[in-house]
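Asks: Structure incoming, see below.
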Amino acid sequence: MAASSDNYREQAERCEAEAATADLTLVRERNLRSAAAWHALANRQFKSEQARAVKEQLADAVRAQCLG
């Protein structure tokens, strides 16, 4: 499965849910740190996805201009 921002966000939500039900403070803190890391990855991936979409739109516009 390819990495996507949605996959990273789902993982962050799982970590947050585990943190909410954790009895031990260290486990809760670990899960919250993990969730923060997954959210950072999701944000970075989302920006990459957006940039890729813009690049593809520009390439399509150039192709259309050259062929039309």
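Naming works like this for the structure tokens: A, B, ... for the chains as they're shown, residue 1 at the start of each chain, ligands 1 onward in shown order.
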Hey, what's within 12 Å of Val27 (chain A) if we count only C-alpha atoms and toss same-chain stuff fewer than 6 positions away? As a PyMOL selection string, please?
Replies: chain A and resi 15-21+33-34
Asks: Pick the closest to Ser5 (chain A) from A:Glu56, A:Gly68, A:Leu41, A:Val62: which is it, counting only C-alpha atoms?
Replies: A:Leu41
Asks: Given only C-alpha atoms as the basis, pick out the residue of A:Leu58, A:Ala42, A:Ala22, A:Ala53 nearest to Asp6 (chain A).
Replies: A:Ala42
Asks: Can you tell me how far CA of Ala64 (chain A) sits from CA of Lys47 (chain A), in Å to one decimal?
Replies: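 About the pair CA of Ala64 (chain A) and CA of Lys47 (chain A): they are 25.8 Å apart.
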Asks: Given only C-alpha atoms as the basis, pick out the residue of A:Ala51, A:Gln45, A:Leu24, A:Asn31 nearest to Asn7 (chain A).
Replies: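 Result for the nearest residue to Asn7 (chain A): A:Gln45.
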